[in-house]
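Below is the file input13.cif, which contains mmCIF, C-alpha atoms and all ligand atoms.
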```
data_my_file
#
loop_
_atom_site.label_atom_id
_atom_site.label_comp_id
_atom_site.auth_asym_id
_atom_site.auth_seq_id
_atom_site.Cartn_x
_atom_site.Cartn_y
_atom_site.Cartn_z
CA MET A 1 -73.34 45.59 -5.99
CA GLN A 2 -75.62 42.60 -6.53
CA LYS A 3 -79.22 43.18 -5.41
CA PHE A 4 -78.99 40.16 -3.08
CA THR A 5 -75.76 41.27 -1.44
CA ALA A 6 -77.15 44.73 -0.79
CA ALA A 7 -80.32 43.22 0.72
CA LEU A 8 -78.27 40.89 2.89
CA ILE A 9 -76.12 43.70 4.25
CA PHE A 10 -79.22 45.82 4.90
CA VAL A 11 -81.00 43.05 6.79
CA PHE A 12 -77.87 42.17 8.72
CA CYS A 13 -77.42 45.78 9.82
CA CYS A 14 -81.08 46.09 10.80
CA LEU A 15 -80.94 42.95 12.85
CA LEU A 16 -77.68 43.73 14.65
CA GLY A 17 -78.41 44.14 18.31
CA CYS A 18 -81.25 41.67 18.05
CA ASN A 19 -79.78 38.55 19.60
CA ALA A 20 -81.06 35.45 21.32
CA SER A 21 -80.66 36.98 24.80
CA ASP A 22 -83.00 39.76 23.73
CA SER A 23 -85.50 37.28 22.42
CA ALA A 24 -87.16 36.46 25.72
CA ARG A 25 -88.24 40.09 26.13
CA ALA A 26 -89.24 40.33 22.47
CA GLN A 27 -91.25 37.13 22.68
CA THR A 28 -93.03 38.24 25.80
CA GLN A 29 -94.06 41.35 23.98
CA ASP A 30 -95.18 39.45 20.87
CA ARG A 31 -97.18 36.93 22.78
CA ASP A 32 -99.07 38.84 25.37
CA ASN A 33 -99.27 42.38 23.93
CA GLY A 34 -98.21 43.84 27.27
CA SER A 35 -96.55 47.17 28.09
CA GLN A 36 -94.21 48.45 25.38
CA SER A 37 -92.11 50.68 27.62
CA GLU A 38 -89.11 48.37 28.01
CA ILE A 39 -88.96 47.11 24.45
CA ASP A 40 -86.31 48.32 22.05
CA PRO A 41 -88.18 48.91 18.76
CA SER A 42 -85.26 47.50 16.77
CA LEU A 43 -86.17 44.06 18.12
CA TYR A 44 -89.21 44.11 15.89
CA LEU A 45 -87.04 44.14 12.81
CA ALA A 46 -86.64 40.42 13.35
CA THR A 47 -89.97 38.75 13.97
CA ARG A 48 -90.01 36.09 16.65
CA ASN A 49 -93.52 34.76 16.40
CA PHE A 50 -92.44 31.12 16.12
CA ASP A 51 -93.45 29.41 19.37
CA GLU A 52 -91.11 26.51 20.08
CA ARG A 53 -93.49 25.14 22.73
CA LYS A 54 -96.17 24.64 20.09
CA ALA A 55 -93.62 23.08 17.74
CA TRP A 56 -92.44 20.77 20.51
CA ALA A 57 -96.01 19.63 21.16
CA HIS A 58 -96.28 18.69 17.45
CA LEU A 59 -93.04 16.71 17.72
CA GLU A 60 -94.20 14.78 20.80
CA LYS A 61 -97.62 14.13 19.32
CA GLN A 62 -96.13 12.49 16.22
CA VAL A 63 -93.85 10.26 18.27
CA ASP A 64 -96.82 9.32 20.47
CA PHE A 65 -98.64 7.94 17.42
CA GLY A 66 -95.94 5.27 17.19
CA PHE A 67 -93.81 4.31 14.19
CA ARG A 68 -95.12 6.23 11.16
CA VAL A 69 -94.16 3.49 8.72
CA PRO A 70 -96.23 3.44 5.49
CA GLY A 71 -99.10 0.99 5.81
CA SER A 72 -99.34 1.20 9.63
CA SER A 73 -102.17 2.59 11.74
CA ALA A 74 -99.74 5.13 13.27
CA HIS A 75 -99.00 6.33 9.74
CA ARG A 76 -102.69 6.90 9.00
CA ALA A 77 -103.25 8.63 12.35
CA CYS A 78 -100.31 10.95 11.75
CA LYS A 79 -101.55 11.80 8.25
CA ASP A 80 -104.95 12.73 9.71
CA TYR A 81 -103.23 14.84 12.39
CA ILE A 82 -101.17 16.85 9.89
CA VAL A 83 -104.26 17.46 7.72
CA ALA A 84 -106.32 18.49 10.76
CA GLN A 85 -103.63 20.97 11.85
CA LEU A 86 -103.38 22.56 8.39
CA GLU A 87 -107.09 22.83 7.62
CA PRO A 88 -107.95 25.81 9.85
CA LEU A 89 -104.74 27.62 8.82
CA CYS A 90 -104.38 27.24 5.05
CA ASP A 91 -106.34 28.46 2.03
CA SER A 92 -106.35 24.91 0.69
CA VAL A 93 -105.22 21.49 1.87
CA GLU A 94 -104.76 18.56 -0.53
CA VAL A 95 -103.79 14.96 0.10
CA GLN A 96 -102.08 13.33 -2.85
CA GLU A 97 -102.53 9.58 -2.52
CA PHE A 98 -100.39 7.04 -4.34
CA SER A 99 -99.58 3.41 -3.79
CA MET A 100 -96.59 1.14 -4.22
CA MET A 101 -95.69 -2.46 -3.51
CA LEU A 102 -93.69 -2.33 -0.26
CA GLY A 103 -92.61 -5.55 1.45
CA GLY A 104 -94.97 -7.53 -0.80
CA GLU A 105 -98.00 -5.38 0.13
CA ASP A 106 -99.78 -2.80 -1.97
CA THR A 107 -99.22 0.18 0.35
CA ARG A 108 -101.02 3.54 0.32
CA MET A 109 -98.91 6.63 0.81
CA PHE A 110 -99.89 10.27 1.15
CA ASN A 111 -98.21 13.55 0.31
CA ILE A 112 -99.93 16.46 2.03
CA VAL A 113 -99.85 20.10 0.88
CA GLY A 114 -101.26 23.17 2.59
CA ARG A 115 -101.21 26.37 0.53
CA TYR A 116 -101.45 30.09 1.31
CA ASN A 117 -102.23 32.83 -1.22
CA LEU A 118 -103.51 30.56 -3.95
CA ASP A 119 -103.40 33.30 -6.59
CA ALA A 120 -99.92 34.63 -5.80
CA PRO A 121 -97.84 34.46 -9.00
CA ARG A 122 -94.57 33.79 -7.13
CA ARG A 123 -94.29 31.03 -4.52
CA ILE A 124 -91.98 29.41 -1.93
CA MET A 125 -92.17 25.70 -1.04
CA LEU A 126 -91.38 24.68 2.56
CA ALA A 127 -91.03 20.90 2.80
CA ALA A 128 -90.29 18.03 5.19
CA HIS A 129 -90.89 14.28 5.24
CA TRP A 130 -93.37 12.86 7.70
CA ASP A 131 -92.84 9.08 7.45
CA THR A 132 -90.38 7.14 9.60
CA ARG A 133 -87.89 4.46 8.65
CA PRO A 134 -89.14 0.90 9.14
CA THR A 135 -85.72 -0.44 10.09
CA ALA A 136 -82.99 0.82 12.40
CA ASP A 137 -80.30 -0.36 10.02
CA MET A 138 -77.56 1.73 11.70
CA ASN A 139 -78.16 0.04 15.08
CA THR A 140 -75.02 -1.59 16.44
CA LYS A 141 -76.31 -3.14 19.67
CA ALA A 142 -80.09 -3.58 19.32
CA SER A 143 -81.65 -5.35 16.34
CA LYS A 144 -81.40 -3.65 12.95
CA LYS A 145 -84.92 -4.90 12.20
CA LEU A 146 -86.60 -2.66 14.77
CA PRO A 147 -88.39 0.49 13.54
CA ILE A 148 -87.18 3.94 14.59
CA GLN A 149 -89.15 6.57 16.52
CA GLY A 150 -87.97 9.33 14.20
CA ALA A 151 -88.21 12.12 16.77
CA ASN A 152 -85.56 13.94 14.75
CA ASP A 153 -85.68 12.09 11.41
CA GLY A 154 -89.32 12.75 10.55
CA ALA A 155 -91.10 14.50 13.42
CA SER A 156 -88.82 17.54 13.80
CA GLY A 157 -89.24 18.93 10.27
CA VAL A 158 -93.00 18.41 10.41
CA ALA A 159 -93.17 20.11 13.82
CA VAL A 160 -91.37 23.21 12.54
CA LEU A 161 -93.51 23.40 9.39
CA LEU A 162 -96.77 23.08 11.32
CA GLU A 163 -95.79 25.88 13.66
CA LEU A 164 -94.63 28.03 10.73
CA ALA A 165 -98.01 27.38 9.12
CA ARG A 166 -99.60 28.95 12.20
CA VAL A 167 -97.14 31.87 12.20
CA PHE A 168 -97.77 32.73 8.56
CA SER A 169 -101.53 32.31 8.88
CA GLU A 170 -101.46 35.33 11.20
CA GLN A 171 -99.60 37.62 8.79
CA ASP A 172 -100.27 39.32 5.50
CA ILE A 173 -97.60 38.18 3.11
CA GLU A 174 -97.53 38.65 -0.65
CA VAL A 175 -95.65 35.56 -1.70
CA GLY A 176 -97.51 32.26 -2.08
CA LEU A 177 -96.46 29.61 0.42
CA ASP A 178 -96.82 25.86 0.03
CA PHE A 179 -96.19 23.57 3.01
CA VAL A 180 -95.45 20.14 1.57
CA PHE A 181 -95.18 16.97 3.69
CA PHE A 182 -93.61 14.08 1.79
CA ASP A 183 -94.32 10.45 2.50
CA GLY A 184 -91.97 7.52 1.87
CA GLU A 185 -88.73 9.46 2.20
CA ASP A 186 -87.11 6.91 4.45
CA TYR A 187 -88.54 3.53 3.39
CA GLY A 188 -85.27 2.06 2.14
CA PRO A 189 -83.16 0.22 2.92
CA GLY A 190 -81.38 1.52 -0.20
CA LEU A 191 -81.63 4.85 -1.99
CA ASP A 192 -83.71 3.20 -4.74
CA MET A 193 -86.61 2.86 -2.26
CA MET A 194 -86.26 6.28 -0.65
CA PHE A 195 -87.69 9.73 -1.52
CA LEU A 196 -90.81 7.96 -2.86
CA GLY A 197 -93.25 10.75 -2.06
CA SER A 198 -91.11 13.64 -3.30
CA LYS A 199 -90.39 11.81 -6.57
CA TYR A 200 -94.09 11.16 -7.07
CA TYR A 201 -95.05 14.73 -6.15
CA CYS A 202 -92.38 16.29 -8.36
CA ASN A 203 -93.30 14.06 -11.35
CA SER A 204 -96.90 15.19 -11.02
CA MET A 205 -96.03 18.91 -11.27
CA PRO A 206 -96.43 20.57 -14.66
CA ASN A 207 -93.56 22.81 -15.83
CA ALA A 208 -95.76 25.88 -15.38
CA GLU A 209 -96.10 25.08 -11.66
CA ILE A 210 -92.37 24.44 -11.21
CA GLU A 211 -91.72 27.86 -12.72
CA THR A 212 -93.86 29.68 -10.15
CA TYR A 213 -91.40 28.87 -7.36
CA ASN A 214 -88.73 31.34 -6.34
CA TYR A 215 -87.23 28.57 -4.24
CA GLY A 216 -87.86 25.59 -2.01
CA LEU A 217 -86.50 24.73 1.43
CA LEU A 218 -86.30 21.24 2.86
CA LEU A 219 -86.10 20.79 6.65
CA ASP A 220 -84.74 17.40 7.70
CA MET A 221 -83.39 16.33 11.10
CA VAL A 222 -83.70 19.84 12.55
CA GLY A 223 -84.58 18.83 16.12
CA ASP A 224 -81.16 17.59 17.30
CA SER A 225 -80.39 19.22 20.66
CA GLU A 226 -76.95 20.06 19.24
CA LEU A 227 -78.24 21.43 15.97
CA VAL A 228 -75.64 22.24 13.31
CA ILE A 229 -76.53 22.98 9.69
CA ARG A 230 -73.76 23.10 7.11
CA PRO A 231 -73.74 23.84 3.38
CA GLU A 232 -75.17 20.98 1.30
CA ASN A 233 -73.44 20.39 -2.02
CA HIS A 234 -76.43 19.30 -4.14
CA SER A 235 -78.07 22.58 -3.10
CA SER A 236 -75.07 24.73 -4.02
CA ARG A 237 -76.70 26.38 -7.07
CA SER A 238 -78.98 27.98 -4.47
CA ALA A 239 -76.18 29.09 -2.12
CA GLU A 240 -77.80 32.50 -1.54
CA ILE A 241 -80.45 30.72 0.54
CA PHE A 242 -77.78 29.35 2.86
CA MET A 243 -75.99 32.73 2.99
CA ALA A 244 -79.21 34.50 3.93
CA ALA A 245 -79.96 31.92 6.64
CA LYS A 246 -76.40 32.22 7.98
CA ALA A 247 -76.68 36.03 8.10
CA LEU A 248 -79.96 35.75 9.99
CA ASN A 249 -78.42 33.14 12.31
CA ASP A 250 -75.57 35.52 13.16
CA ALA A 251 -77.70 38.63 13.49
CA MET A 252 -80.29 36.92 15.69
CA GLY A 253 -77.65 35.41 17.98
CA PHE A 254 -77.97 31.75 17.02
CA LYS A 255 -75.08 29.33 16.42
CA VAL A 256 -76.78 26.77 14.22
CA PHE A 257 -75.62 27.63 10.69
CA ARG A 258 -71.90 27.06 10.02
CA GLU A 259 -70.09 27.78 6.75
CA SER A 260 -67.48 25.03 7.11
CA GLY A 261 -67.71 21.30 6.43
CA ALA A 262 -70.08 21.10 3.47
CA LEU A 263 -71.92 17.77 3.07
CA THR A 264 -73.40 15.96 0.07
CA ILE A 265 -76.82 14.57 0.94
CA TYR A 266 -79.33 12.60 -1.13
CA ASP A 267 -82.74 13.79 -0.01
CA ASP A 268 -86.19 14.96 -1.09
CA HIS A 269 -84.84 18.12 -2.72
CA LEU A 270 -83.07 16.28 -5.56
CA SER A 271 -86.07 15.67 -7.84
CA PHE A 272 -86.90 19.38 -7.75
CA ILE A 273 -83.30 20.43 -8.38
CA ASP A 274 -83.25 18.05 -11.37
CA ARG A 275 -86.23 19.95 -12.76
CA GLY A 276 -84.42 23.27 -12.42
CA MET A 277 -85.87 24.55 -9.15
CA HIS A 278 -83.77 26.35 -6.57
CA PHE A 279 -84.01 24.12 -3.51
CA TYR A 280 -81.89 23.94 -0.35
CA ASP A 281 -81.69 21.08 2.14
CA PHE A 282 -81.30 22.34 5.71
CA ILE A 283 -80.22 19.07 7.34
CA ASP A 284 -78.24 18.31 10.49
CA PHE A 285 -76.20 15.24 9.70
CA GLU A 286 -74.24 15.23 12.97
CA TYR A 287 -76.89 13.59 15.11
CA GLY A 288 -75.02 12.42 18.20
CA PRO A 289 -71.28 11.67 18.32
CA ASP A 290 -70.27 10.40 14.84
CA ASN A 291 -73.94 10.71 13.77
CA ARG A 292 -74.60 7.63 15.89
CA TYR A 293 -78.30 8.27 16.55
CA TRP A 294 -79.18 8.43 12.84
CA HIS A 295 -81.32 5.51 11.63
CA THR A 296 -81.13 3.86 15.03
CA THR A 297 -83.51 3.20 17.89
CA GLU A 298 -81.70 6.10 19.61
CA ASP A 299 -83.58 8.66 17.48
CA THR A 300 -85.79 9.60 20.42
CA VAL A 301 -87.35 12.72 21.91
CA ASP A 302 -84.65 13.12 24.58
CA LYS A 303 -82.05 13.72 21.82
CA CYS A 304 -84.03 16.71 20.55
CA SER A 305 -84.68 20.13 22.07
CA LYS A 306 -87.13 23.01 22.02
CA ASP A 307 -84.20 25.42 21.64
CA SER A 308 -83.22 23.81 18.34
CA LEU A 309 -86.77 24.05 17.04
CA LYS A 310 -86.80 27.69 18.12
CA ALA A 311 -83.56 28.48 16.27
CA ILE A 312 -84.49 26.88 12.97
CA GLY A 313 -88.09 28.08 13.27
CA GLU A 314 -87.19 31.72 13.84
CA ILE A 315 -84.51 31.68 11.14
CA VAL A 316 -86.88 30.23 8.52
CA GLU A 317 -89.65 32.61 9.65
CA ASN A 318 -87.33 35.55 8.94
CA LEU A 319 -85.89 34.01 5.77
CA VAL A 320 -89.35 33.85 4.22
CA LEU A 321 -90.33 37.32 5.44
CA LYS A 322 -87.07 39.13 4.58
CA PHE A 323 -85.98 37.15 1.51
CA PRO A 324 -89.13 36.04 -0.33
CA ASP A 325 -87.71 37.11 -3.71
CA LEU A 326 -84.47 35.11 -3.77
CA TYR A 327 -84.20 33.65 -7.28
CA ALA A 328 -87.36 35.41 -8.47
CA PRO A 329 -87.12 36.19 -12.18
CA GLU A 330 -85.76 39.70 -12.90
CA GLY A 331 -88.23 42.53 -13.47
C1 LIG B 401 -82.07 11.94 5.54
C2 LIG B 401 -82.70 11.48 6.64
N1 LIG B 401 -81.98 10.94 4.70
C3 LIG B 401 -82.53 9.86 5.27
N2 LIG B 401 -82.97 10.19 6.45
C4 LIG B 401 -81.38 10.97 3.39
C5 LIG B 401 -80.04 10.34 3.36
C6 LIG B 401 -79.87 9.16 2.69
C7 LIG B 401 -78.97 10.96 3.97
C8 LIG B 401 -78.59 8.55 2.65
C9 LIG B 401 -77.71 10.38 3.92
C10 LIG B 401 -77.54 9.17 3.27
ZN ZN B 402 -83.79 8.93 7.65
#
```

Structure rendered as structure tokens:
Amino acid sequence: MQKFTAALIFVFCCLLGCNASDSARAQTQDRDNGSQSEIDPSLYLATRNFDERKAWAHLEKQVDFGFRVPGSSAHRACKDYIVAQLEPLCDSVEVQEFSMMLGGEDTRMFNIVGRYNLDAPRRIMLAAHWDTRPTADMNTKASKKLPIQGANDGASGVAVLLELARVFSEQDIEVGLDFVFFDGEDYGPGLDMMFLGSKYYCNSMPNAEIETYNYGLLLDMVGDSELVIRPENHSSRSAEIFMAAKALNDAMGFKVFRESGALTIYDDHLSFIDRGMHFYDFIDFEYGPDNRYWHTTEDTVDKCSKDSLKAIGEIVENLVLKFPDLYAPEG
């Protein structure tokens, strides 16, 4: 039996009985260290330290800055916020600045990376984009020239990563973790002017750094109140990541990961896949009926939910803790 399959079955069995309805009791225990008498010890086999209320506050804060379009004051304020959140949590925080001509202006953009366990020989990258699209080009009624709030497309992935950064700062883990926040993912309007930050970041990585990663995970549009994550075809060489997440989803009582209806999505993971990394895009591309909130002025906080942040947050928390060695070199 493959090492991965055996590990998956083991984790699935351990987590059986640990479902979402149990989670309120488990969380209470985790958060306030109260009496242990009523707690089934098996609940601790899945950790539930991700606090969706903290993640939600990060989501709202970003939207409150305004449209995080490169070159804007909201964009600079949001960059400073992400850096300020990471600094007390991480072993290092770097801002990678680059500039491009956008709309006739020389525009500064910023990738941000917070790292844990700087000397760990094997690493995982957790990534999201933090910019928002300057134009609501999928609007049908309102103007297509308006910017979008990006509550889901932008703020949700960042919110989950920032809360995971807190969760992992309170644990001893062996694997190195890099939280990477890409700028310029959504500039557009066409694909040629998208994924600007991830392309720049990936181009700046030496081969030796690429080779330290067991895998990368991209979180995009993970705040939708009706969150559904399906297999993504560009990520299919790394299908074990999806299978592990689906097993955790089932064992923990969530209904977010579905095996049917694979999608093909161009996103920030592609540059890394092109360089041989294992990278999976966890993206919900069913945002509203017929995806009708995507790239519209309808991408607002009321379309997102704390419960969705909780589901994806807890699943990724356990993915990293239970499956840090997926795609690690043998031996
Ligand atoms: C994801 C969120 N993307 C943009 N905002 C990438 C994408 C581009 C997805 C084109 C589908 C089509
Ligand atoms: Zn977008």

- Query: Near range 184-194 of chain A, counting only C-alpha atoms, which residues have an atom at most 8 Å away, once you skip same-chain residues fewer than 6 positions from it, shown as a ChimeraX atom specification?
  - Reply: /A:69-70,109,129-135,137,267-268

Once you have the residues from the selection above, write them out as a PDB file, keeping the file's coordinate frame, restricted to C-alpha atoms.
```
ATOM      1  CA  VAL A  69     -94.160   3.490   8.720  1.00  0.00           C
ATOM      2  CA  PRO A  70     -96.230   3.440   5.490  1.00  0.00           C
ATOM      3  CA  MET A 109     -98.910   6.630   0.810  1.00  0.00           C
ATOM      4  CA  HIS A 129     -90.890  14.280   5.240  1.00  0.00           C
ATOM      5  CA  TRP A 130     -93.370  12.860   7.700  1.00  0.00           C
ATOM      6  CA  ASP A 131     -92.840   9.080   7.450  1.00  0.00           C
ATOM      7  CA  THR A 132     -90.380   7.140   9.600  1.00  0.00           C
ATOM      8  CA  ARG A 133     -87.890   4.460   8.650  1.00  0.00           C
ATOM      9  CA  PRO A 134     -89.140   0.900   9.140  1.00  0.00           C
ATOM     10  CA  THR A 135     -85.720  -0.440  10.090  1.00  0.00           C
ATOM     11  CA  ASP A 137     -80.300  -0.360  10.020  1.00  0.00           C
ATOM     12  CA  ASP A 267     -82.740  13.790  -0.010  1.00  0.00           C
ATOM     13  CA  ASP A 268     -86.190  14.960  -1.090  1.00  0.00           C
TER      14      ASP A 268
END
```

Each range 34-137 of chain A residue no farther than 9 Å from range 213-217 of chain A, nearest pair in Å, only C-alpha atoms, as JSON lines:
```
{"residue": "A:Pro121", "atom": "CA", "partner": "A:Tyr213", "partner_atom": "CA", "distance": 8.7}
{"residue": "A:Arg122", "atom": "CA", "partner": "A:Tyr213", "partner_atom": "CA", "distance": 5.9}
{"residue": "A:Arg123", "atom": "CA", "partner": "A:Tyr213", "partner_atom": "CA", "distance": 4.6}
{"residue": "A:Ile124", "atom": "CA", "partner": "A:Tyr215", "partner_atom": "CA", "distance": 5.3}
{"residue": "A:Met125", "atom": "CA", "partner": "A:Gly216", "partner_atom": "CA", "distance": 4.4}
{"residue": "A:Leu126", "atom": "CA", "partner": "A:Leu217", "partner_atom": "CA", "distance": 5.0}
{"residue": "A:Ala127", "atom": "CA", "partner": "A:Leu217", "partner_atom": "CA", "distance": 6.1}
{"residue": "A:Ala128", "atom": "CA", "partner": "A:Leu217", "partner_atom": "CA", "distance": 8.6}
```

Residues from last step as file, C-alpha atoms, as a PDB file, keeping the file's coordinate frame:
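Here's the written file part34.pdb:
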```pdb
ATOM      1  CA  PRO A 121     -97.840  34.460  -9.000  1.00  0.00           C
ATOM      2  CA  ARG A 122     -94.570  33.790  -7.130  1.00  0.00           C
ATOM      3  CA  ARG A 123     -94.290  31.030  -4.520  1.00  0.00           C
ATOM      4  CA  ILE A 124     -91.980  29.410  -1.930  1.00  0.00           C
ATOM      5  CA  MET A 125     -92.170  25.700  -1.040  1.00  0.00           C
ATOM      6  CA  LEU A 126     -91.380  24.680   2.560  1.00  0.00           C
ATOM      7  CA  ALA A 127     -91.030  20.900   2.800  1.00  0.00           C
ATOM      8  CA  ALA A 128     -90.290  18.030   5.190  1.00  0.00           C
TER       9      ALA A 128
END
```

- Write out as number ranges by chain the residues lying within 9 Å of Thr300 in chain A, counting only C-alpha atoms and excluding same-chain residues fewer than 6 positions away. A: 63, 148-152, 293

- Task: Skip Lys310 in chain A itself and residues of its chain fewer than 5 positions away, then list as a VMD selection string all residues within 10 Å of it, counting all atoms listed in the file.
- Result: chain A and resid 48 to 53 55 to 56 160 223 254 305 315 to 316

- Given all atoms listed in the file as the counted atoms, nearest of A:Val180, A:Leu270, A:Val167, A:Leu319 to Ala247 in chain A: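 Ranked by minimum distance to Ala247 in chain A, first place goes to A:Leu319.
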
- Message: So, with all atoms listed in the file as the atoms that count, which of A:Lys144, A:Lys246, A:Lys199, A:Arg237 lies closest to Asn318 in chain A?
- Response: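 Residue with the minimum atom-to-atom distance to Asn318 in chain A: A:Lys246.
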
- Item | Distance in Å - CA of Gly197 in chain A versus CA of Val158 in chain A |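 Going from CA of Gly197 in chain A over to CA of Val158 in chain A covers 14.6 Å.
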
Hey, which bits of range 110-134 of chain A sit within 6 Å of range 93-99 of chain A, and for each residue what's the closest pair of atoms and how far apart in Å (one decimal), counting all atoms listed in the file, rows by chain and increasing number, as JSON lines?
```
{"residue": "A:Phe110", "atom": "CA", "partner": "A:Glu97", "partner_atom": "CA", "distance": 4.6}
{"residue": "A:Asn111", "atom": "CA", "partner": "A:Gln96", "partner_atom": "CA", "distance": 5.0}
{"residue": "A:Ile112", "atom": "CA", "partner": "A:Val95", "partner_atom": "CA", "distance": 4.6}
{"residue": "A:Val113", "atom": "CA", "partner": "A:Glu94", "partner_atom": "CA", "distance": 5.3}
{"residue": "A:Gly114", "atom": "CA", "partner": "A:Val93", "partner_atom": "CA", "distance": 4.4}
```

Convert the current residue selection to file output with C-alpha atoms, as a PDB file, in the coordinates of the input.
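Contents of the output file selection_24.pdb:
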```
ATOM      1  CA  PHE A 110     -99.890  10.270   1.150  1.00  0.00           C
ATOM      2  CA  ASN A 111     -98.210  13.550   0.310  1.00  0.00           C
ATOM      3  CA  ILE A 112     -99.930  16.460   2.030  1.00  0.00           C
ATOM      4  CA  VAL A 113     -99.850  20.100   0.880  1.00  0.00           C
ATOM      5  CA  GLY A 114    -101.260  23.170   2.590  1.00  0.00           C
TER       6      GLY A 114
END
```

- Which of A:Leu102, A:Leu146, A:Ala136, A:Leu118 sits closest to ligand ZN 402 (chain B) [using all atoms listed in the file]: A:Ala136

- Message: Counting only C-alpha atoms and all ligand atoms, which residue out of A:Ala155, A:Ile210, A:Met277, A:Val320 sits closest to ligand ZN 402 (chain B)?
- Response: A:Ala155

- Pick from A:Ile241, A:Met221, A:Val301, A:Leu248 nearest to ligand ZN 402 (chain B), counting all atoms listed in the file: A:Met221

- Task: Rank A:Asp119, A:Glu87, A:Glu240, A:Asp284 by their smallest atom-to-atom distance to ligand ZN 402 (chain B), using all atoms listed in the file, and report the top residue only.
- Result: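 Closest residue, counting all atoms listed in the file: A:Asp284.
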
- Message: For a test of reading the model, state the distance in Å between CA of Cys202 in chain A and CA of Leu219 in chain A, rounded to one decimal.
- Response: 16.9 Å

- Message: What's the separation between CA of Ser260 in chain A and CA of Pro231 in chain A, in Å to one decimal place?
- Response: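 Straight-line distance from CA of Ser260 in chain A to CA of Pro231 in chain A works out to 7.4 Å.
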
- Would you be able to write out as a PyMOL selection string which residues have an atom within 10 Å of (-98.7, 41.7, -3.1) in the file's coordinates, counting all atoms listed in the file? chain A and resi 117+120-122+172-176

Would you mind listing what lies within 12 Å of Phe65 in chain A as a short mmCIF file (atom, residue, chain, number, x, y, z; two decimals) with C-alpha atoms, keeping the file's coordinate frame, with all atoms listed in the file counted and same-chain residues fewer than 3 positions away left out?
```
data_model
loop_
_atom_site.label_atom_id
_atom_site.label_comp_id
_atom_site.auth_asym_id
_atom_site.auth_seq_id
_atom_site.Cartn_x
_atom_site.Cartn_y
_atom_site.Cartn_z
CA HIS A 58 -96.28 18.69 17.45
CA LEU A 59 -93.04 16.71 17.72
CA GLU A 60 -94.20 14.78 20.80
CA LYS A 61 -97.62 14.13 19.32
CA GLN A 62 -96.13 12.49 16.22
CA ARG A 68 -95.12 6.23 11.16
CA VAL A 69 -94.16 3.49 8.72
CA SER A 72 -99.34 1.20 9.63
CA SER A 73 -102.17 2.59 11.74
CA ALA A 74 -99.74 5.13 13.27
CA HIS A 75 -99.00 6.33 9.74
CA ARG A 76 -102.69 6.90 9.00
CA ALA A 77 -103.25 8.63 12.35
CA CYS A 78 -100.31 10.95 11.75
CA LYS A 79 -101.55 11.80 8.25
CA ASP A 80 -104.95 12.73 9.71
CA TYR A 81 -103.23 14.84 12.39
CA ILE A 82 -101.17 16.85 9.89
CA ASP A 131 -92.84 9.08 7.45
CA THR A 132 -90.38 7.14 9.60
CA GLN A 149 -89.15 6.57 16.52
CA GLY A 150 -87.97 9.33 14.20
CA ALA A 151 -88.21 12.12 16.77
CA ALA A 155 -91.10 14.50 13.42
#
```

Could I get range 216-226 of chain A rebuilt with N, CA and C atoms, written as a PDB file, keeping the file's coordinate frame?
```pdb
ATOM      1  N   GLY A 216     -87.341  26.539  -2.991  1.00  0.00           N
ATOM      2  CA  GLY A 216     -87.860  25.590  -2.010  1.00  0.00           C
ATOM      3  C   GLY A 216     -86.846  25.379  -0.906  1.00  0.00           C
ATOM      4  N   LEU A 217     -87.357  25.011   0.261  1.00  0.00           N
ATOM      5  CA  LEU A 217     -86.500  24.730   1.430  1.00  0.00           C
ATOM      6  C   LEU A 217     -86.940  23.406   2.009  1.00  0.00           C
ATOM      7  N   LEU A 218     -86.006  22.523   2.231  1.00  0.00           N
ATOM      8  CA  LEU A 218     -86.300  21.240   2.860  1.00  0.00           C
ATOM      9  C   LEU A 218     -85.738  21.249   4.276  1.00  0.00           C
ATOM     10  N   LEU A 219     -86.556  20.889   5.252  1.00  0.00           N
ATOM     11  CA  LEU A 219     -86.100  20.790   6.650  1.00  0.00           C
ATOM     12  C   LEU A 219     -86.055  19.322   7.028  1.00  0.00           C
ATOM     13  N   ASP A 220     -84.881  18.820   7.364  1.00  0.00           N
ATOM     14  CA  ASP A 220     -84.740  17.400   7.700  1.00  0.00           C
ATOM     15  C   ASP A 220     -83.787  17.278   8.887  1.00  0.00           C
ATOM     16  N   MET A 221     -84.218  16.570   9.913  1.00  0.00           N
ATOM     17  CA  MET A 221     -83.390  16.330  11.100  1.00  0.00           C
ATOM     18  C   MET A 221     -82.978  17.664  11.749  1.00  0.00           C
ATOM     19  N   VAL A 222     -83.968  18.508  12.003  1.00  0.00           N
ATOM     20  CA  VAL A 222     -83.700  19.840  12.550  1.00  0.00           C
ATOM     21  C   VAL A 222     -84.013  19.956  14.039  1.00  0.00           C
ATOM     22  N   GLY A 223     -84.229  18.791  14.698  1.00  0.00           N
ATOM     23  CA  GLY A 223     -84.580  18.830  16.120  1.00  0.00           C
ATOM     24  C   GLY A 223     -83.445  18.473  17.057  1.00  0.00           C
ATOM     25  N   ASP A 224     -82.330  17.999  16.515  1.00  0.00           N
ATOM     26  CA  ASP A 224     -81.160  17.590  17.300  1.00  0.00           C
ATOM     27  C   ASP A 224     -80.827  18.659  18.352  1.00  0.00           C
ATOM     28  N   SER A 225     -80.656  18.234  19.598  1.00  0.00           N
ATOM     29  CA  SER A 225     -80.390  19.220  20.660  1.00  0.00           C
ATOM     30  C   SER A 225     -79.053  19.936  20.432  1.00  0.00           C
ATOM     31  N   GLU A 226     -78.191  19.346  19.608  1.00  0.00           N
ATOM     32  CA  GLU A 226     -76.950  20.060  19.240  1.00  0.00           C
ATOM     33  C   GLU A 226     -76.991  20.375  17.752  1.00  0.00           C
TER      34      GLU A 226
END
```
